[in-house]
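> As input, take upload.txt (compact mmCIF, C-alpha atoms):
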```
# COMPACT_ATOMS: atom_id res chain seq x y z
CA MET A 1 0.82 -77.87 -3.52
CA PHE A 2 1.99 -76.66 -0.13
CA LEU A 3 4.83 -74.75 -1.72
CA LEU A 4 2.46 -73.12 -4.15
CA ALA A 5 0.16 -72.02 -1.33
CA LEU A 6 3.15 -70.73 0.64
CA ALA A 7 4.42 -68.76 -2.35
CA LEU A 8 0.97 -67.29 -2.89
CA ALA A 9 0.69 -66.34 0.78
CA ILE A 10 4.09 -64.64 0.70
CA LEU A 11 3.10 -62.79 -2.45
CA VAL A 12 -0.13 -61.55 -0.88
CA ILE A 13 1.68 -60.46 2.27
CA TYR A 14 4.31 -58.69 0.16
CA ARG A 15 1.61 -56.90 -1.84
CA ILE A 16 -0.18 -55.83 1.34
CA PHE A 17 3.13 -54.57 2.69
CA CYS A 18 3.55 -52.56 -0.52
CA THR A 19 0.21 -50.84 0.02
CA LEU A 20 1.13 -49.37 3.42
CA PRO A 21 1.01 -45.56 3.53
CA ASN A 22 4.47 -44.06 3.49
CA ARG A 23 6.19 -40.73 3.62
CA ARG A 24 8.62 -41.48 0.80
CA ARG A 25 8.36 -38.71 -1.77
CA PRO A 26 8.23 -39.80 -5.39
CA VAL A 27 11.00 -38.64 -7.68
CA LEU A 28 10.00 -36.07 -10.27
CA HIS A 29 10.15 -37.59 -13.75
CA ALA A 30 7.95 -35.24 -15.71
CA ASN A 31 7.34 -31.51 -15.72
CA THR A 32 3.70 -32.03 -14.97
CA LYS A 33 1.76 -34.22 -12.55
CA SER A 34 -1.82 -35.31 -12.98
CA LEU A 35 -4.17 -34.42 -10.18
CA ALA A 36 -7.55 -35.70 -9.05
CA VAL A 37 -9.78 -34.12 -6.43
CA PHE A 38 -13.07 -35.30 -4.99
CA LEU A 39 -15.74 -32.59 -4.71
CA GLY A 40 -18.06 -33.86 -2.00
CA SER A 41 -20.80 -31.19 -2.44
CA GLY A 42 -21.59 -27.99 -0.52
CA GLY A 43 -18.96 -27.01 2.02
CA HIS A 44 -16.65 -29.89 1.06
CA THR A 45 -16.59 -28.68 -2.54
CA SER A 46 -15.97 -25.06 -1.56
CA GLU A 47 -13.01 -26.01 0.64
CA ALA A 48 -11.57 -28.46 -1.91
CA LEU A 49 -11.72 -25.92 -4.72
CA THR A 50 -10.19 -23.21 -2.54
CA LEU A 51 -7.28 -25.58 -1.90
CA ILE A 52 -6.94 -26.47 -5.59
CA SER A 53 -7.06 -22.79 -6.59
CA ALA A 54 -3.74 -22.36 -4.77
CA LEU A 55 -1.94 -24.77 -7.10
CA ASP A 56 0.01 -23.98 -10.26
CA PHE A 57 -2.21 -25.49 -12.99
CA GLY A 58 0.79 -25.53 -15.31
CA ARG A 59 2.33 -28.13 -13.00
CA TYR A 60 -0.80 -30.09 -12.17
CA SER A 61 -2.23 -31.19 -15.48
CA PRO A 62 -4.49 -32.81 -16.48
CA ARG A 63 -6.94 -32.39 -13.60
CA THR A 64 -9.83 -34.70 -12.80
CA TYR A 65 -12.74 -33.42 -10.70
CA VAL A 66 -14.60 -36.37 -9.24
CA ILE A 67 -18.19 -35.45 -8.41
CA SER A 68 -21.21 -37.34 -7.08
CA GLU A 69 -24.11 -38.11 -9.36
CA GLY A 70 -26.58 -35.20 -9.52
CA ASP A 71 -24.24 -32.70 -7.88
CA SER A 72 -24.58 -29.86 -10.39
CA PHE A 73 -23.31 -27.34 -7.82
CA SER A 74 -19.87 -28.98 -7.70
CA ALA A 75 -19.73 -29.43 -11.48
CA GLN A 76 -20.44 -25.73 -12.00
CA LYS A 77 -17.95 -24.65 -9.32
CA ALA A 78 -15.23 -26.78 -10.92
CA ARG A 79 -15.92 -25.25 -14.35
CA ASP A 80 -15.89 -21.77 -12.78
CA LEU A 81 -12.47 -22.38 -11.24
CA GLU A 82 -11.11 -23.72 -14.52
CA SER A 83 -12.28 -20.70 -16.50
CA LEU A 84 -10.90 -18.40 -13.80
CA LYS A 85 -7.49 -20.10 -14.02
CA GLN A 86 -7.58 -20.30 -17.83
CA THR A 87 -4.46 -18.62 -19.16
CA GLY A 88 -5.43 -18.60 -22.82
CA ALA A 89 -2.74 -21.00 -24.01
CA GLY A 90 -4.80 -23.87 -25.44
CA PRO A 91 -7.85 -25.56 -23.94
CA ALA A 92 -7.90 -26.26 -20.19
CA GLN A 93 -6.77 -29.82 -19.42
CA TYR A 94 -9.50 -31.12 -17.15
CA THR A 95 -12.35 -33.60 -16.96
CA LEU A 96 -15.37 -34.02 -14.72
CA LEU A 97 -15.84 -37.61 -13.59
CA THR A 98 -19.20 -38.59 -12.09
CA ILE A 99 -19.58 -41.47 -9.64
CA PRO A 100 -22.69 -42.78 -7.81
CA ARG A 101 -23.09 -41.71 -4.19
CA ALA A 102 -22.14 -44.21 -1.50
CA ARG A 103 -24.97 -43.01 0.69
CA ARG A 104 -27.68 -40.51 -0.09
CA VAL A 105 -28.77 -37.92 2.45
CA HIS A 106 -31.47 -39.39 4.74
CA GLN A 107 -30.89 -42.87 3.31
CA SER A 108 -31.45 -45.53 5.95
CA LEU A 109 -28.37 -47.33 7.24
CA LEU A 110 -29.78 -50.69 6.08
CA ALA A 111 -29.97 -49.47 2.50
CA THR A 112 -26.38 -48.20 2.54
CA PRO A 113 -24.41 -51.39 1.65
CA PRO A 114 -25.90 -51.85 -1.86
CA THR A 115 -25.46 -48.20 -2.88
CA ALA A 116 -21.97 -48.18 -1.37
CA LEU A 117 -21.14 -51.25 -3.45
CA VAL A 118 -22.36 -49.63 -6.67
CA SER A 119 -20.28 -46.57 -5.81
CA LEU A 120 -17.23 -48.73 -5.07
CA LEU A 121 -17.54 -50.65 -8.36
CA SER A 122 -17.70 -47.38 -10.23
CA CYS A 123 -14.56 -46.12 -8.44
CA ILE A 124 -12.76 -49.38 -9.21
CA TYR A 125 -13.75 -49.06 -12.85
CA HIS A 126 -12.45 -45.49 -13.15
CA ILE A 127 -9.32 -45.84 -11.04
CA THR A 128 -8.27 -49.43 -11.67
CA LEU A 129 -9.85 -51.08 -14.74
CA ALA A 130 -9.84 -48.07 -17.05
CA HIS A 131 -6.11 -47.63 -16.47
CA ILE A 132 -4.74 -51.17 -16.72
CA PRO A 133 -1.99 -50.81 -19.33
CA PHE A 134 -2.36 -53.12 -22.32
CA PRO A 135 0.41 -53.77 -24.79
CA PHE A 136 0.41 -51.29 -27.67
CA ARG A 137 -2.05 -49.15 -25.82
CA ASN A 138 -0.88 -46.18 -23.86
CA ARG A 139 -3.23 -45.47 -21.00
CA PRO A 140 -2.04 -42.88 -18.50
CA PRO A 141 -2.61 -43.63 -14.81
CA PHE A 142 -5.69 -42.20 -13.07
CA ALA A 143 -3.67 -39.51 -11.29
CA ASP A 144 -0.34 -38.87 -9.58
CA ILE A 145 -2.02 -37.22 -6.62
CA LEU A 146 -5.52 -37.53 -5.18
CA ILE A 147 -6.90 -34.83 -2.87
CA LEU A 148 -9.74 -35.81 -0.52
CA ASN A 149 -11.65 -33.84 2.10
CA GLY A 150 -14.84 -35.86 2.62
CA PRO A 151 -17.59 -36.89 2.94
CA GLY A 152 -18.05 -40.68 2.95
CA THR A 153 -18.07 -41.38 -0.79
CA CYS A 154 -14.41 -40.41 -0.99
CA PHE A 155 -13.63 -43.53 1.05
CA MET A 156 -14.64 -45.59 -2.00
CA LEU A 157 -11.99 -43.79 -4.06
CA CYS A 158 -9.46 -44.62 -1.39
CA ILE A 159 -10.37 -48.35 -1.51
CA ALA A 160 -9.94 -48.35 -5.30
CA VAL A 161 -6.50 -46.76 -4.86
CA TYR A 162 -5.61 -49.65 -2.51
CA ILE A 163 -6.66 -52.19 -5.12
CA ASN A 164 -4.23 -50.52 -7.54
CA LYS A 165 -1.49 -50.65 -4.92
CA PHE A 166 -2.19 -54.30 -4.20
CA LEU A 167 -2.08 -55.21 -7.90
CA GLY A 168 1.11 -53.24 -8.41
CA LEU A 169 -0.58 -50.76 -10.76
CA SER A 170 0.31 -47.10 -10.54
CA ALA A 171 -1.58 -45.47 -7.69
CA PRO A 172 -1.87 -41.81 -6.77
CA ARG A 173 -0.46 -40.41 -3.55
CA VAL A 174 -3.45 -39.62 -1.35
CA ILE A 175 -3.71 -36.46 0.75
CA TYR A 176 -6.63 -35.92 3.11
CA ILE A 177 -7.37 -32.43 4.38
CA GLU A 178 -9.73 -32.23 7.33
CA SER A 179 -12.27 -29.42 7.11
CA PHE A 180 -11.57 -26.02 8.64
CA ALA A 181 -14.84 -26.63 10.50
CA ARG A 182 -13.29 -29.42 12.63
CA VAL A 183 -11.54 -27.86 15.59
CA GLU A 184 -11.63 -30.42 18.39
CA SER A 185 -12.44 -33.75 16.73
CA LEU A 186 -12.19 -35.49 13.35
CA SER A 187 -15.16 -35.81 11.03
CA LEU A 188 -16.47 -39.29 10.18
CA SER A 189 -14.63 -39.29 6.85
CA GLY A 190 -11.48 -38.13 8.64
CA LYS A 191 -11.70 -41.07 11.05
CA LEU A 192 -12.37 -43.51 8.17
CA LEU A 193 -9.50 -42.32 6.00
CA TYR A 194 -6.93 -41.65 8.72
CA PRO A 195 -5.23 -45.10 8.56
CA PHE A 196 -5.12 -45.20 4.77
CA VAL A 197 -3.89 -41.90 3.37
CA ASP A 198 -0.28 -40.91 2.73
CA ARG A 199 -0.64 -37.45 4.24
CA PHE A 200 -3.26 -36.40 6.80
CA ILE A 201 -3.64 -32.65 7.25
CA VAL A 202 -5.68 -30.80 9.86
CA GLN A 203 -6.28 -27.07 10.02
CA TRP A 204 -6.30 -26.49 13.77
CA GLU A 205 -3.33 -26.97 16.07
CA GLN A 206 -5.53 -28.26 18.91
CA LEU A 207 -6.74 -31.05 16.61
CA GLN A 208 -3.22 -31.98 15.52
CA GLU A 209 -2.36 -32.54 19.19
CA LYS A 210 -5.10 -35.17 19.38
CA VAL A 211 -4.25 -36.99 16.14
CA PRO A 212 -0.80 -38.65 16.02
CA GLY A 213 0.86 -38.21 12.64
CA ALA A 214 -1.45 -35.44 11.51
CA GLU A 215 0.22 -32.42 9.98
CA PHE A 216 -0.68 -28.83 10.70
CA ARG A 217 0.39 -26.03 8.35
CA GLY A 218 -1.97 -23.32 9.55
CA LEU A 219 -5.25 -22.39 7.96
CA LEU A 220 -5.29 -23.67 4.36
CA VAL A 221 -8.61 -22.31 3.09
CA MET B 1 -26.84 1.08 8.10
CA LEU B 2 -27.85 -2.39 6.99
CA ALA B 3 -27.83 -5.64 8.93
CA PHE B 4 -28.04 -8.93 7.03
CA VAL B 5 -29.12 -12.21 8.60
CA THR B 6 -28.49 -15.64 7.05
CA VAL B 7 -29.62 -19.08 8.21
CA GLY B 8 -27.63 -21.01 5.58
CA THR B 9 -28.96 -23.62 3.17
CA PHE B 10 -31.61 -25.16 5.41
CA GLU B 11 -33.46 -23.53 8.28
CA PHE B 12 -32.94 -22.00 11.71
CA ASP B 13 -36.39 -21.20 13.10
CA LEU B 14 -35.17 -19.65 16.34
CA LEU B 15 -32.76 -17.27 14.63
CA VAL B 16 -35.36 -15.86 12.23
CA GLN B 17 -37.97 -15.59 15.01
CA THR B 18 -35.48 -13.89 17.32
CA VAL B 19 -34.16 -11.27 14.87
CA LEU B 20 -37.78 -10.22 14.27
CA SER B 21 -38.45 -9.88 18.00
CA ASP B 22 -38.98 -6.45 19.55
CA ALA B 23 -35.83 -6.71 21.65
CA VAL B 24 -33.47 -7.39 18.73
CA LEU B 25 -35.13 -4.89 16.38
CA LEU B 26 -34.86 -2.18 19.06
CA ALA B 27 -31.23 -3.10 19.72
CA LEU B 28 -30.48 -2.84 16.00
CA ARG B 29 -32.34 0.48 15.75
CA ASN B 30 -30.40 1.89 18.70
CA ARG B 31 -27.12 0.93 17.02
CA GLY B 32 -28.11 2.81 13.88
CA TYR B 33 -29.37 -0.07 11.72
CA SER B 34 -32.38 1.23 9.81
CA SER B 35 -32.52 -1.76 7.45
CA LEU B 36 -32.62 -5.47 8.10
CA VAL B 37 -32.51 -8.12 5.38
CA VAL B 38 -33.16 -11.74 6.39
CA GLN B 39 -32.36 -14.80 4.28
CA CYS B 40 -34.85 -17.18 5.88
CA GLY B 41 -34.31 -20.52 4.08
CA ASN B 42 -37.01 -22.97 5.16
CA SER B 43 -37.31 -21.57 8.67
CA ALA B 44 -40.69 -21.67 10.38
CA PHE B 45 -41.89 -18.19 11.43
CA GLU B 46 -44.84 -15.86 10.91
CA PHE B 47 -44.21 -15.14 7.18
CA ALA B 48 -42.86 -18.58 6.31
CA SER B 49 -45.57 -19.47 3.76
CA ALA B 50 -45.17 -16.23 1.77
CA VAL B 51 -41.39 -16.53 1.80
CA ALA B 52 -41.51 -20.22 0.82
CA GLY B 53 -43.46 -19.24 -2.31
CA GLY B 54 -40.53 -17.15 -3.46
CA GLN B 55 -41.99 -13.80 -2.36
CA THR B 56 -39.99 -10.99 -0.80
CA VAL B 57 -41.86 -9.73 2.25
CA THR B 58 -41.20 -6.16 3.35
CA LEU B 59 -42.44 -4.52 6.51
CA GLU B 60 -41.51 -1.83 8.97
CA ARG B 61 -41.16 -2.44 12.69
CA HIS B 62 -39.68 -0.15 15.32
CA ASP B 63 -38.47 2.14 12.49
CA VAL B 64 -36.48 -0.70 10.96
CA ARG B 65 -37.23 -1.53 7.33
CA VAL B 66 -37.31 -5.32 7.18
CA GLU B 67 -36.95 -7.45 4.04
CA LEU B 68 -37.51 -11.20 4.17
CA TRP B 69 -36.80 -13.80 1.48
CA LYS B 70 -35.97 -17.47 1.21
CA SER B 71 -32.58 -17.72 -0.50
CA LYS B 72 -30.38 -16.71 -3.40
CA GLY B 73 -27.68 -18.78 -5.08
CA ALA B 74 -24.76 -16.80 -3.70
CA LEU B 75 -24.90 -14.34 -0.83
CA ASP B 76 -21.72 -12.57 -1.76
CA ALA B 77 -23.52 -9.37 -2.86
CA GLU B 78 -25.66 -9.24 0.31
CA TYR B 79 -22.57 -9.62 2.51
CA ARG B 80 -20.87 -6.80 0.63
CA HIS B 81 -23.83 -4.44 1.09
CA ALA B 82 -24.17 -5.22 4.76
CA ASP B 83 -22.60 -3.30 7.63
CA LEU B 84 -23.23 -6.21 9.99
CA VAL B 85 -23.86 -9.89 9.32
CA ILE B 86 -25.69 -12.11 11.80
CA GLY B 87 -25.50 -15.76 10.81
CA HIS B 88 -25.68 -19.39 11.74
CA ALA B 89 -22.21 -20.67 12.65
CA GLY B 90 -21.64 -22.69 9.48
CA ALA B 91 -17.99 -22.85 8.43
CA GLY B 92 -18.64 -21.68 4.87
CA THR B 93 -20.63 -18.63 5.98
CA ILE B 94 -18.05 -17.70 8.60
CA LEU B 95 -15.13 -17.95 6.18
CA GLU B 96 -16.86 -15.99 3.45
CA VAL B 97 -18.00 -13.15 5.72
CA LEU B 98 -14.69 -12.82 7.56
CA ARG B 99 -12.76 -12.73 4.28
CA LEU B 100 -14.98 -9.84 3.16
CA ARG B 101 -13.96 -8.06 6.37
CA LYS B 102 -17.55 -7.70 7.54
CA PRO B 103 -18.43 -7.53 11.25
CA LEU B 104 -19.98 -10.89 12.14
CA ILE B 105 -22.13 -12.19 14.97
CA VAL B 106 -22.66 -15.95 14.83
CA VAL B 107 -25.40 -17.83 16.60
CA PRO B 108 -24.64 -21.57 16.84
CA ASN B 109 -27.77 -23.62 16.29
CA PRO B 110 -28.65 -25.28 19.62
CA THR B 111 -30.90 -27.84 17.90
CA LEU B 112 -28.05 -29.44 15.91
CA LEU B 113 -27.13 -32.80 17.37
CA HIS B 114 -23.34 -32.70 17.16
CA ASN B 115 -22.56 -29.12 17.82
CA HIS B 116 -19.18 -28.56 16.18
CA GLN B 117 -20.39 -25.11 15.22
CA LEU B 118 -19.90 -23.96 18.80
CA GLU B 119 -16.30 -25.26 18.83
CA LEU B 120 -15.54 -23.43 15.60
CA ALA B 121 -17.13 -20.19 16.82
CA ARG B 122 -15.11 -20.41 20.05
CA ALA B 123 -11.86 -21.09 18.19
CA LEU B 124 -12.48 -18.01 16.06
CA GLY B 125 -13.08 -15.92 19.19
CA PRO B 126 -10.85 -12.95 18.34
CA TYR B 127 -12.38 -12.47 14.87
CA LEU B 128 -16.11 -12.54 15.51
CA ALA B 129 -18.76 -12.32 18.21
CA THR B 130 -20.68 -15.39 19.32
CA SER B 131 -24.14 -15.20 20.80
CA SER B 132 -26.80 -17.55 22.02
CA ILE B 133 -30.37 -17.07 20.82
CA ASP B 134 -31.61 -15.57 24.09
CA LYS B 135 -28.66 -13.15 24.41
CA LEU B 136 -28.83 -11.86 20.82
CA ALA B 137 -30.38 -8.48 21.70
CA ASP B 138 -27.71 -7.89 24.37
CA THR B 139 -24.93 -8.98 21.99
CA VAL B 140 -26.14 -6.57 19.30
CA ALA B 141 -26.38 -3.76 21.86
CA ALA B 142 -22.83 -4.35 23.13
CA PHE B 143 -21.22 -5.33 19.80
CA ASP B 144 -18.11 -3.34 18.93
CA PRO B 145 -16.69 -4.29 15.49
CA ALA B 146 -13.56 -2.24 16.16
CA ALA B 147 -12.65 -4.60 19.01
CA LEU B 148 -12.42 -7.59 16.66
CA ARG B 149 -9.12 -8.76 15.22
CA GLU B 150 -8.72 -8.75 11.45
CA PHE B 151 -9.01 -12.24 9.95
CA PRO B 152 -5.94 -13.31 7.93
CA PRO B 153 -6.43 -13.26 4.14
CA PHE B 154 -6.37 -16.48 2.11
CA ASP B 155 -2.81 -17.78 1.89
CA GLY B 156 -2.55 -20.36 -0.88
CA SER B 157 1.21 -20.75 -0.49
CA ARG B 158 0.87 -23.23 2.40
CA PHE B 159 -1.13 -25.80 0.49
CA ARG B 160 0.87 -25.17 -2.69
CA ALA B 161 4.12 -25.85 -0.81
CA LEU B 162 2.66 -29.00 0.72
CA VAL B 163 1.54 -30.50 -2.60
CA ASP B 164 4.64 -29.37 -4.52
CA ASP B 165 6.79 -30.99 -1.83
CA GLU B 166 4.73 -34.18 -1.98
CA MET B 167 5.06 -34.37 -5.77
CA GLY B 168 8.77 -33.54 -5.83
CA PHE B 169 8.59 -30.10 -7.46
```
Step by step, read the file and then write its structure as C-alpha cells.

Amino acid sequence: MFLLALALAILVIYRIFCTLPNRRRPVLHANTKSLAVFLGSGGHTSEALTLISALDFGRYSPRTYVISEGDSFSAQKARDLESLKQTGAGPAQYTLLTIPRARRVHQSLLATPPTALVSLLSCIYHITLAHIPFPFRNRPPFADILILNGPGTCFMLCIAVYINKFLGLSAPRVIYIESFARVESLSLSGKLLYPFVDRFIVQWEQLQEKVPGAEFRGLLV
Amino acid sequence: MLAFVTVGTFEFDLLVQTVLSDAVLLALRNRGYSSLVVQCGNSAFEFASAVAGGQTVTLERHDVRVELWKSKGALDAEYRHADLVIGHAGAGTILEVLRLRKPLIVVPNPTLLHNHQLELARALGPYLATSSIDKLADTVAAFDPAALREFPPFDGSRFRALVDDEMGF
C-alpha cells in the first residue's frame, strides 16, 4: 500500500515537473502547424488579430479563433481577416470556437466563481476532452500554438492546457503578448498568466526591465 | 480644415463639454479649422439627449460649423477626412490615428481609476501631443503637427519571426 502511494506521488510529481514552462523549441515534423488565438473583445481582439495578420497562413493551418459568448464583434473581425488573407486556393481552414465568459463586465466578485467554473469546464471540454485520442479514431490536437493577450477568460484556456500537460496529452505552446497599452506595469491578465506561459512578450522596453524573463522585440502591433 | 473629436466606445463628458467651449472653438477657428465633428458616445453635455436618440446635431459657433453624433461602427473614414484628431488616450484610437499619419492631440481621462492612458500618452511623446482638459485651448493654439515625429508603420516581421522561431520554421 505504501509503495503504491509512493509510486503515485512520484508519478504526480513527475507529471507536474513535465508541465513546467520551458524554452525548448519543438522540432518541426509537419509543413503546417495548427494555431489557436483567443479574441478577448474590443482592444484585445484588435491587437490579437493585428498580430495574427502578420503570420503566413500557409504555415499556420488550421486556425481556431476562440471567442467569448455573445462577442459578435470579434467573430466578425476574425471572418474579415480570413477573407482578407484568402488566397483563392480552396476554402480557408479556420473555425470559430465560442466559450462562456469567466466574468461578465460589471459582474460582482461574489458571482465570479460559478461563471468562471462554467467557462473553465467549457475550455477543458474543447482543449482536453474533445482531443483525447481513441484507438481507430484520429483526432488532431487542439493546437500546436496558442496565442493569448487577455483579458481574464484566457486564463481558463491556460488552465486547460495545463491539464493536457499533466495528463501527458499534446498541449500547445503558449505565448502571451502584453498589450501595447501597458507601458509601466502588467495588466491583470499579464500578472495571472506570467508564471504559466512558455513565452511572455511585452511591447515596451521599460516594462521588460521590470519583468524578469519577459521578451521585448519592439512594437508588434 | 476639419477637426475630429472622439471619446471612444463609452463616454468622456469633460472632453465633449470642453471642445464645445468658447476657448477651444476660438482656438480651433484661429488655427484655420472651420469644421468640427464630435463623436460623443454616451457623454453628458448640452445636446446629449438628441445625440443619444441617434440624431446628428449641427450648429455654428464662433464661425465653426459643428456636427455632433453618438457613434459609428468604425471611425476610419472620419480619421481620414480630418486634418486634426483630438481623442481620448485609448490605445486603439492612438494606434489607428497615428498609423493614418494624422496629427493627434490626446486628452487622458482624469476620471479613470487606473490611469494607464497617461503612461501610454507620455511614452508616445514624440509622435503626438498630450493635453489636460483645462489646457486644451492652449494646446490647440500652440499645436504644430510638423514638430511631431512620424510613427513607424506596422512591422509584422517581428511577430512572424517570433512565432516561426517558436514553432521551428
> Under the rule of at most 7 Å, produce a per-residue listing of chain B near chain A: chain, number, name, the closest pair of atoms, and the distance in Å, as JSON lines, using only C-alpha atoms.

```
{"residue": "B:Ala91", "atom": "CA", "partner": "A:Ala181", "partner_atom": "CA", "distance": 5.3}
{"residue": "B:Gly92", "atom": "CA", "partner": "A:Gly43", "partner_atom": "CA", "distance": 6.1}
{"residue": "B:His116", "atom": "CA", "partner": "A:Arg182", "partner_atom": "CA", "distance": 6.9}
{"residue": "B:Glu119", "atom": "CA", "partner": "A:Val183", "partner_atom": "CA", "distance": 6.3}
{"residue": "B:Leu120", "atom": "CA", "partner": "A:Val183", "partner_atom": "CA", "distance": 6.0}
{"residue": "B:Phe154", "atom": "CA", "partner": "A:Val221", "partner_atom": "CA", "distance": 6.3}
{"residue": "B:Asp155", "atom": "CA", "partner": "A:Leu220", "partner_atom": "CA", "distance": 6.9}
{"residue": "B:Gly156", "atom": "CA", "partner": "A:Ala54", "partner_atom": "CA", "distance": 4.5}
{"residue": "B:Ser157", "atom": "CA", "partner": "A:Ala54", "partner_atom": "CA", "distance": 6.7}
{"residue": "B:Arg158", "atom": "CA", "partner": "A:Leu220", "partner_atom": "CA", "distance": 6.5}
{"residue": "B:Phe159", "atom": "CA", "partner": "A:Leu220", "partner_atom": "CA", "distance": 6.1}
{"residue": "B:Arg160", "atom": "CA", "partner": "A:Leu55", "partner_atom": "CA", "distance": 5.2}
{"residue": "B:Glu166", "atom": "CA", "partner": "A:Arg25", "partner_atom": "CA", "distance": 5.8}
{"residue": "B:Met167", "atom": "CA", "partner": "A:Pro26", "partner_atom": "CA", "distance": 6.3}
{"residue": "B:Gly168", "atom": "CA", "partner": "A:Leu28", "partner_atom": "CA", "distance": 5.3}
{"residue": "B:Phe169", "atom": "CA", "partner": "A:Leu28", "partner_atom": "CA", "distance": 6.7}
```
> So how far away is CA of Leu39 in chain A from CA of Gly190 in chain A, in Å?
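So the answer is 15.1 Å.
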> My list of candidates is A:Ile163, A:Leu49, A:Leu35, A:Val202. Which is closest to Lys77 in chain A when distances are computed with all atoms listed in the file?
A:Leu49
> Enter the distance from CA of Thr6 in chain B to CA of Ile86 in chain B, in Å, rounded to one decimal.
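Between CA of Thr6 in chain B and CA of Ile86 in chain B the gap works out to 6.5 Å.
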> Residues near Val66 in chain A, anyone? I mean within 8 Å using only C-alpha atoms, not counting same-chain ones fewer than 5 positions away, as a list in words.
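Here the qualifying residues turn out to be Ala36, Val37, Phe38, Leu39, Leu96, Leu97, Thr98 and Ile99 of chain A.
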> What is the distance, in Å and to one decimal place, between CA of Gly53 in chain B and CA of Leu75 in chain B?
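Answer for the CA of Gly53 in chain B to CA of Leu75 in chain B separation: 19.3 Å.
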> Taking 6 positions as the minimum chain separation for residues in the same chain, which residues sit within 7 Å of Gln117 in chain B when counting all atoms listed in the file? Answer as a list in words.
Ala89, Gly90 and Pro108 of chain B
> Could the residues in this selection be written to a file with C-alpha atoms, as a JSON list (two decimals), keeping the file's coordinate frame?

```json
[["chain", "number", "residue", "atom", "x", "y", "z"],
["B", 89, "ALA", "CA", -22.21, -20.67, 12.65],
["B", 90, "GLY", "CA", -21.64, -22.69, 9.48],
["B", 108, "PRO", "CA", -24.64, -21.57, 16.84]]
```
> Measuring atom to atom with all atoms listed in the file, identify which of B:Leu104, B:Phe10, B:Gln17, B:Leu2 is nearest to Arg29 in chain B.
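Using all atoms listed in the file, the shortest distance to Arg29 in chain B belongs to B:Leu2.
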> Please return the centre and edge lengths, in Å to one decimal, of a box with edges along x, y and z that contains all listed atoms of range 130-141 of chain B, widened by 8 Å on every side, as JSON.

```
{"center_x": -26.1, "center_y": -10.7, "center_z": 21.9, "size_x": 26.9, "size_y": 29.8, "size_z": 21.1}
```
> Within 6 Å of (-13.4, -31.7, 1.0), in the coordinates the file gives, what residues turn up when you count all atoms listed in the file, written out as a list of chain:residue names?
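Those residues lying close to the given coordinates are A:Gly40, A:His44, A:Thr45, A:Glu47, A:Ala48, A:Leu148, A:Asn149, A:Gly150.
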> Considering only C-alpha atoms, state which residue in the set A:Leu121, A:Gln203, A:Ala92, A:Phe216 is at the smallest distance from Ala123 in chain B.
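Comparing A:Leu121, A:Gln203, A:Ala92, A:Phe216 against Ala123 in chain B, the winner is A:Gln203.
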> Within 10 Å of (-33.6, -6.0, 2.2) (coordinates as in the file), grab all the protein and nucleic acid residues, counting all atoms listed in the file, and write them out as a list in words.
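Output: Leu2, Ala3, Phe4, Val5, Ser35, Leu36, Val37, Val38, Gln39, Thr56, Val57, Thr58, Leu59, Arg65, Val66, Glu67, Leu68, Trp69, Glu78, His81 and Ala82 of chain B.
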> Measuring atom to atom with only C-alpha atoms, identify which of A:Ala75, A:Ala160, A:Val211, A:Leu20 is nearest to Val197 in chain A.
A:Leu20
